[in-house]
>>> print(open('coords-v9.txt').read())   # compact mmCIF, C-alpha atoms
# COMPACT_ATOMS: atom_id res chain seq x y z
CA MET A 1 10.01 -12.40 -1.06
CA LEU A 2 13.37 -13.11 -2.66
CA ASN A 3 13.23 -10.46 -5.37
CA GLN A 4 14.11 -6.79 -5.12
CA ASN A 5 11.37 -4.54 -3.78
CA PHE A 6 11.43 -1.74 -6.36
CA LEU A 7 9.18 0.52 -4.30
CA LYS A 8 11.04 0.07 -1.03
CA THR A 9 14.34 0.84 -2.76
CA LYS A 10 12.99 4.08 -4.25
CA LEU A 11 11.49 5.19 -0.94
CA SER A 12 14.74 4.48 0.89
CA GLU A 13 16.48 6.76 -1.62
CA GLY A 14 14.12 9.60 -0.75
CA LYS A 15 12.21 9.52 -4.02
CA VAL A 16 8.55 10.48 -4.38
CA THR A 17 6.65 7.50 -5.79
CA ILE A 18 3.42 7.49 -7.80
CA GLY A 19 0.96 4.62 -8.05
CA THR A 20 -2.72 3.87 -8.41
CA TRP A 21 -5.44 1.69 -6.93
CA SER A 22 -6.52 -1.29 -9.00
CA ILE A 23 -9.93 -2.85 -8.43
CA ILE A 24 -10.34 -4.33 -11.92
CA PRO A 25 -9.47 -8.06 -11.67
CA SER A 26 -7.46 -8.31 -14.87
CA PRO A 27 -3.76 -9.00 -15.51
CA VAL A 28 -4.18 -7.31 -18.92
CA VAL A 29 -5.41 -4.09 -17.30
CA THR A 30 -2.52 -4.37 -14.85
CA ASP A 31 -0.07 -4.65 -17.73
CA ILE A 32 -1.55 -1.53 -19.34
CA LEU A 33 -1.25 0.40 -16.06
CA CYS A 34 2.35 -0.74 -15.58
CA SER A 35 3.27 0.31 -19.10
CA ALA A 36 2.56 3.93 -18.09
CA GLY A 37 5.61 3.91 -15.81
CA LEU A 38 3.98 3.76 -12.39
CA ASP A 39 6.15 2.93 -9.38
CA PHE A 40 3.58 0.67 -7.72
CA ILE A 41 0.02 -0.62 -8.01
CA ILE A 42 -2.23 -1.40 -5.06
CA ILE A 43 -4.21 -4.53 -5.82
CA ASP A 44 -7.36 -3.90 -3.81
CA SER A 45 -9.23 -6.87 -2.38
CA GLU A 46 -10.99 -4.75 0.26
CA HIS A 47 -13.28 -2.85 -2.11
CA GLY A 48 -12.53 -4.73 -5.33
CA PRO A 49 -13.63 -8.24 -6.43
CA ILE A 50 -10.06 -9.52 -6.86
CA ASN A 51 -9.36 -13.05 -5.62
CA PHE A 52 -5.93 -14.40 -4.71
CA GLU A 53 -5.45 -16.40 -7.91
CA THR A 54 -6.02 -13.32 -10.07
CA ALA A 55 -4.00 -11.19 -7.65
CA GLN A 56 -0.97 -13.48 -8.13
CA GLN A 57 -1.22 -13.12 -11.92
CA MET A 58 -1.45 -9.33 -11.51
CA ALA A 59 1.59 -9.35 -9.21
CA MET A 60 3.59 -11.35 -11.77
CA VAL A 61 2.74 -8.79 -14.45
CA CYS A 62 3.84 -5.96 -12.15
CA GLU A 63 7.20 -7.59 -11.49
CA SER A 64 7.79 -8.14 -15.21
CA ARG A 65 7.54 -4.36 -15.64
CA SER A 66 9.64 -3.49 -12.53
CA VAL A 67 6.53 -2.15 -10.79
CA SER A 68 5.92 -3.14 -7.17
CA PRO A 69 2.61 -4.91 -6.43
CA ILE A 70 1.08 -4.01 -3.08
CA MET A 71 -2.08 -5.70 -1.82
CA ARG A 72 -4.74 -4.17 0.35
CA VAL A 73 -6.49 -6.98 2.19
CA GLY A 74 -9.70 -6.62 4.19
CA GLY A 75 -8.16 -5.99 7.60
CA VAL A 76 -5.88 -7.39 10.29
CA ASN A 77 -6.44 -10.93 9.09
CA GLU A 78 -3.61 -13.44 9.44
CA THR A 79 -4.76 -15.72 6.62
CA GLU A 80 -5.22 -12.90 4.12
CA ILE A 81 -1.88 -11.28 4.98
CA LEU A 82 -0.09 -14.64 4.67
CA LYS A 83 -1.67 -15.39 1.28
CA ALA A 84 -0.96 -11.90 -0.07
CA LEU A 85 2.73 -12.19 0.75
CA ASP A 86 3.04 -15.82 -0.36
CA ILE A 87 1.66 -15.00 -3.83
CA GLY A 88 4.48 -12.52 -4.36
CA MET A 89 3.28 -9.12 -3.22
CA HIS A 90 6.09 -6.67 -2.44
CA GLY A 91 4.07 -5.40 0.47
CA ILE A 92 0.72 -5.15 2.18
CA GLN A 93 -1.47 -2.20 3.08
CA ILE A 94 -3.94 -2.82 5.87
CA PRO A 95 -7.04 -0.60 6.24
CA ASN A 96 -8.83 0.77 9.29
CA ILE A 97 -5.93 0.72 11.75
CA ASN A 98 -6.66 2.36 15.08
CA SER A 99 -3.99 1.37 17.60
CA SER A 100 -0.45 0.14 18.16
CA ASP A 101 -1.92 -3.28 19.02
CA ASP A 102 -3.22 -3.51 15.45
CA ILE A 103 0.25 -2.72 14.12
CA ASN A 104 1.94 -5.28 16.35
CA ASN A 105 -0.43 -7.96 15.06
CA ILE A 106 0.29 -6.99 11.45
CA ILE A 107 4.05 -7.19 12.03
CA ASN A 108 3.61 -10.57 13.68
CA PHE A 109 1.60 -11.88 10.70
CA SER A 110 3.86 -10.42 7.98
CA LYS A 111 7.39 -11.07 9.27
CA TYR A 112 9.16 -14.35 9.94
CA PRO A 113 10.96 -15.08 13.26
CA PRO A 114 12.71 -13.57 15.06
CA ILE A 115 10.63 -10.48 14.20
CA GLY A 116 7.19 -12.07 13.84
CA ASN A 117 5.53 -15.43 13.45
CA ARG A 118 4.50 -15.60 9.79
CA GLY A 119 3.68 -19.07 8.49
CA PHE A 120 6.51 -20.54 6.44
CA SER A 121 6.59 -22.39 3.12
CA PRO A 122 9.17 -21.98 0.34
CA PHE A 123 6.79 -23.65 -2.13
CA THR A 124 5.16 -20.35 -3.11
CA LYS A 125 5.67 -17.54 -5.61
CA ALA A 126 7.46 -15.62 -2.85
CA GLY A 127 9.83 -18.56 -2.34
CA ASP A 128 10.22 -19.21 -6.08
CA TYR A 129 8.57 -22.60 -5.48
CA SER A 130 11.87 -24.13 -4.43
CA LEU A 131 13.12 -26.14 -1.47
CA SER A 132 16.59 -24.74 -2.18
CA ASN A 133 15.36 -21.31 -1.05
CA ALA A 134 14.11 -22.51 2.33
CA THR A 135 17.21 -21.44 4.27
CA LYS A 136 17.37 -17.90 2.84
CA LEU A 137 13.71 -16.98 2.32
CA THR A 138 12.96 -15.83 5.85
CA ASP A 139 15.81 -13.33 6.12
CA LYS A 140 15.31 -11.96 2.61
CA ALA A 141 11.55 -11.68 3.00
CA ASN A 142 11.89 -9.86 6.31
CA LEU A 143 14.22 -7.38 4.63
CA ASN A 144 12.29 -6.96 1.37
CA THR A 145 8.66 -6.92 2.51
CA LEU A 146 7.05 -3.50 2.92
CA VAL A 147 4.46 -3.12 5.68
CA GLY A 148 1.93 -0.32 5.29
CA VAL A 149 -1.23 0.71 7.11
CA ASN A 150 -4.15 3.06 6.53
CA ILE A 151 -4.94 5.79 9.06
CA GLU A 152 -8.58 6.64 8.43
CA GLY A 153 -10.29 7.72 11.65
CA ILE A 154 -10.10 9.99 14.66
CA GLU A 155 -9.03 7.20 17.03
CA ALA A 156 -6.04 6.40 14.82
CA ILE A 157 -5.06 10.06 14.71
CA LYS A 158 -5.17 10.23 18.50
CA ASN A 159 -2.89 7.17 18.67
CA ILE A 160 -0.52 8.24 15.89
CA ASP A 161 2.48 8.89 18.15
CA LYS A 162 2.36 5.37 19.62
CA ILE A 163 1.77 3.88 16.18
CA LEU A 164 4.84 5.60 14.78
CA GLU A 165 7.05 4.22 17.55
CA ILE A 166 6.65 0.65 16.24
CA GLU A 167 9.68 -0.82 14.49
CA HIS A 168 9.25 -2.57 11.13
CA LEU A 169 6.26 -0.40 10.16
CA ASP A 170 7.34 1.22 6.89
CA LEU A 171 4.45 3.18 5.50
CA VAL A 172 1.48 5.14 6.86
CA PHE A 173 -1.24 6.03 4.36
CA ILE A 174 -3.75 8.73 5.30
CA GLY A 175 -7.09 7.81 3.74
CA LEU A 176 -8.63 11.19 2.90
CA PHE A 177 -12.09 9.90 1.99
CA ASP A 178 -12.50 7.92 5.20
CA LEU A 179 -10.94 10.78 7.16
CA SER A 180 -13.45 13.25 5.69
CA LYS A 181 -16.24 10.86 6.72
CA ALA A 182 -14.86 10.64 10.27
CA LEU A 183 -14.73 14.45 10.46
CA GLY A 184 -18.40 14.72 9.48
CA ILE A 185 -17.72 16.10 5.98
CA PRO A 186 -17.82 12.96 3.81
CA GLY A 187 -16.26 13.38 0.38
CA GLU A 188 -14.90 16.87 1.07
CA VAL A 189 -11.26 15.82 0.69
CA ASP A 190 -10.25 19.38 -0.25
CA ASN A 191 -11.72 20.84 2.94
CA PRO A 192 -9.07 22.78 4.94
CA LYS A 193 -9.93 20.70 8.00
CA VAL A 194 -8.95 17.50 6.15
CA LEU A 195 -5.82 19.04 4.60
CA ASN A 196 -4.67 20.42 7.97
CA TYR A 197 -4.87 16.93 9.49
CA LEU A 198 -2.97 15.56 6.48
CA ASP A 199 -0.20 18.15 6.83
CA GLU A 200 0.17 17.60 10.57
CA ILE A 201 0.25 13.80 10.34
CA THR A 202 2.64 13.85 7.37
CA LYS A 203 5.19 15.83 9.36
CA LYS A 204 4.98 13.34 12.22
CA ILE A 205 5.41 10.36 9.88
CA ASN A 206 8.47 11.89 8.25
CA ASP A 207 9.96 12.80 11.62
CA ALA A 208 9.53 9.16 12.70
CA GLY A 209 11.55 7.96 9.70
CA LYS A 210 8.59 6.32 7.99
CA TYR A 211 6.96 7.00 4.62
CA PRO A 212 3.73 9.05 4.43
CA GLY A 213 1.17 8.46 1.70
CA THR A 214 -2.27 9.56 0.53
CA ILE A 215 -4.54 9.71 -2.52
CA ALA A 216 -4.49 12.55 -5.05
CA THR A 217 -7.47 13.26 -7.30
CA SER A 218 -5.69 15.64 -9.71
CA LYS A 219 -2.23 16.59 -10.99
CA GLU A 220 -2.45 19.76 -8.90
CA LYS A 221 -3.01 17.69 -5.77
CA ILE A 222 0.05 15.59 -6.58
CA GLU A 223 2.16 18.74 -6.59
CA LEU A 224 0.57 19.95 -3.34
CA PHE A 225 1.19 16.64 -1.60
CA LYS A 226 4.79 16.51 -2.83
CA SER A 227 5.33 19.96 -1.29
CA MET A 228 3.87 18.66 1.99
CA GLY A 229 6.48 15.89 2.07
CA LEU A 230 4.36 12.92 1.03
CA LYS A 231 6.40 10.13 -0.57
CA TYR A 232 3.78 7.54 -1.56
CA ILE A 233 1.08 9.14 -3.67
CA LEU A 234 -1.86 7.33 -5.23
CA TYR A 235 -3.46 8.88 -8.27
CA LEU A 236 -7.13 7.92 -8.37
CA VAL A 237 -8.39 4.39 -9.17
CA ASP A 238 -8.13 2.43 -12.41
CA CYS A 239 -11.90 2.29 -12.95
CA GLU A 240 -12.32 6.05 -12.48
CA VAL A 241 -9.53 6.92 -14.92
CA LEU A 242 -11.08 4.56 -17.49
CA ARG A 243 -14.65 5.78 -16.95
CA SER A 244 -13.87 9.50 -16.86
CA GLY A 245 -11.69 9.28 -19.97
CA TYR A 246 -14.62 8.03 -22.02
CA GLU A 247 -17.12 10.31 -20.28
CA ASN A 248 -15.07 13.37 -21.26
CA ILE A 249 -15.25 12.28 -24.91
CA ILE A 250 -19.01 11.67 -24.76
CA LYS A 251 -19.70 15.03 -23.10
CA SER A 252 -17.59 16.89 -25.61
>>> encode(input="coords-v9.txt", output="structure tokens")
Amino acid sequence: MLNQNFLKTKLSEGKVTIGTWSIIPSPVVTDILCSAGLDFIIIDSEHGPINFETAQQMAMVCESRSVSPIMRVGGVNETEILKALDIGMHGIQIPNINSSDDINNIINFSKYPPIGNRGFSPFTKAGDYSLSNATKLTDKANLNTLVGVNIEGIEAIKNIDKILEIEHLDLVFIGLFDLSKALGIPGEVDNPKVLNYLDEITKKINDAGKYPGTIATSKEKIELFKSMGLKYILYLVDCEVLRSGYENIIKS
């Protein structure tokens, strides 16, 4: 990616950033979300029905509003990671990571040589569709691309120290819903057991010089997570904010 990574710049300056998940495949909805002043939007193709063509349109809308588009693909999949970055995403967020081997594969798929072995074409949104960018795209993309992963299970928590040793990993997102499931208390994201794990892992991520993130389901949780040292905070999901807004009116 040749353009500035708005999110990566803010994180490097020590700022707390706020975003949301987007599973609605609509550039118009993306534009509405961006107009609220979010720092980033995660375009979710793991749980959402968003294809790559729509995702590129959504990413273009994000950039027009100085909001960073991040894409969550289905897993450690070379083709999906390559496409996500080629269509102009500022970063990727990979779910269900369990080991340092997973991270090494992600780095290899998302960075150009000499760091990784990402497939190369300047004739993409990331390369501004131009042959003239061929000689500078690899260095700029390696610098600008944000690499994030989801820590969602007990095995990943056990391996967290080795995971955090890996260079070029920028962001570690603690998935509270999947973590609650792994702890045998599915959906209880406010359970002290879940929050204790979150606090412990967040401290380790910060100490390693990387950016910790998680999902907040209320304004109060945003404040709590900020006090814990989290830097990359997701507020709910676009569909839930839309649905609950109308539900509150109907109930009242």
>>> closest_residue(input="coords-v9.txt", among="A:Ile115, A:Leu7, A:Val149, A:Leu137", to="A:Val73", atoms="all atoms listed in the file")
A:Val149
>>> closest_residue(input="coords-v9.txt", among="A:Asn150, A:Gln56, A:Ser45, A:Thr124", to="A:Asp86", atoms="only C-alpha atoms")
A:Thr124
>>> closest_residue(input="coords-v9.txt", among="A:Asn98, A:Ser180, A:Ser22, A:Thr145", to="A:Lys8", atoms="only C-alpha atoms")
A:Thr145
>>> axis_aligned_box(input="coords-v9.txt", around="stretch 193-200 of chain A", padding_each_side="3 Å", output="lines of an AutoDock Vina configuration file")
center_x = -4.9
center_y = 18.1
center_z = 7.6
size_x = 16.1
size_y = 11.1
size_z = 12.0
>>> atom_distance(input="coords-v9.txt", atom1="atom CA of A:Asp178", atom2="atom CA of A:Ser68")
24.8 Å
>>> residues_near_point(input="coords-v9.txt", point="(-0.7, -15.7, 2.3)", cutoff="12 Å", atoms="all atoms listed in the file", output="PyMOL selection string")
chain A and resi 1+52-53+55-56+71+73+77-89+91-92+109-111+118-127
>>> decode(input="coords-v9.txt", residues="stretch 155-170 of chain A", atoms="C-alpha atoms", output="PDB file, in the first residue's frame")
ATOM      1  CA  GLU A 155      -3.706 -22.668  23.370  1.00  0.00           C
ATOM      2  CA  ALA A 156      -2.980 -19.173  22.056  1.00  0.00           C
ATOM      3  CA  ILE A 157      -2.830 -17.809  25.588  1.00  0.00           C
ATOM      4  CA  LYS A 158      -0.329 -20.494  26.546  1.00  0.00           C
ATOM      5  CA  ASN A 159       1.811 -19.518  23.538  1.00  0.00           C
ATOM      6  CA  ILE A 160       1.450 -15.748  23.956  1.00  0.00           C
ATOM      7  CA  ASP A 161       5.068 -15.116  24.993  1.00  0.00           C
ATOM      8  CA  LYS A 162       6.447 -16.799  21.860  1.00  0.00           C
ATOM      9  CA  ILE A 163       3.854 -15.068  19.696  1.00  0.00           C
ATOM     10  CA  LEU A 164       4.865 -11.660  21.024  1.00  0.00           C
ATOM     11  CA  GLU A 165       8.525 -12.266  20.197  1.00  0.00           C
ATOM     12  CA  ILE A 166       7.806 -12.220  16.447  1.00  0.00           C
ATOM     13  CA  GLU A 167       8.956  -9.130  14.576  1.00  0.00           C
ATOM     14  CA  HIS A 168       6.562  -7.382  12.172  1.00  0.00           C
ATOM     15  CA  LEU A 169       3.476  -8.441  14.154  1.00  0.00           C
ATOM     16  CA  ASP A 170       1.790  -5.145  15.034  1.00  0.00           C
TER      17      ASP A 170
END
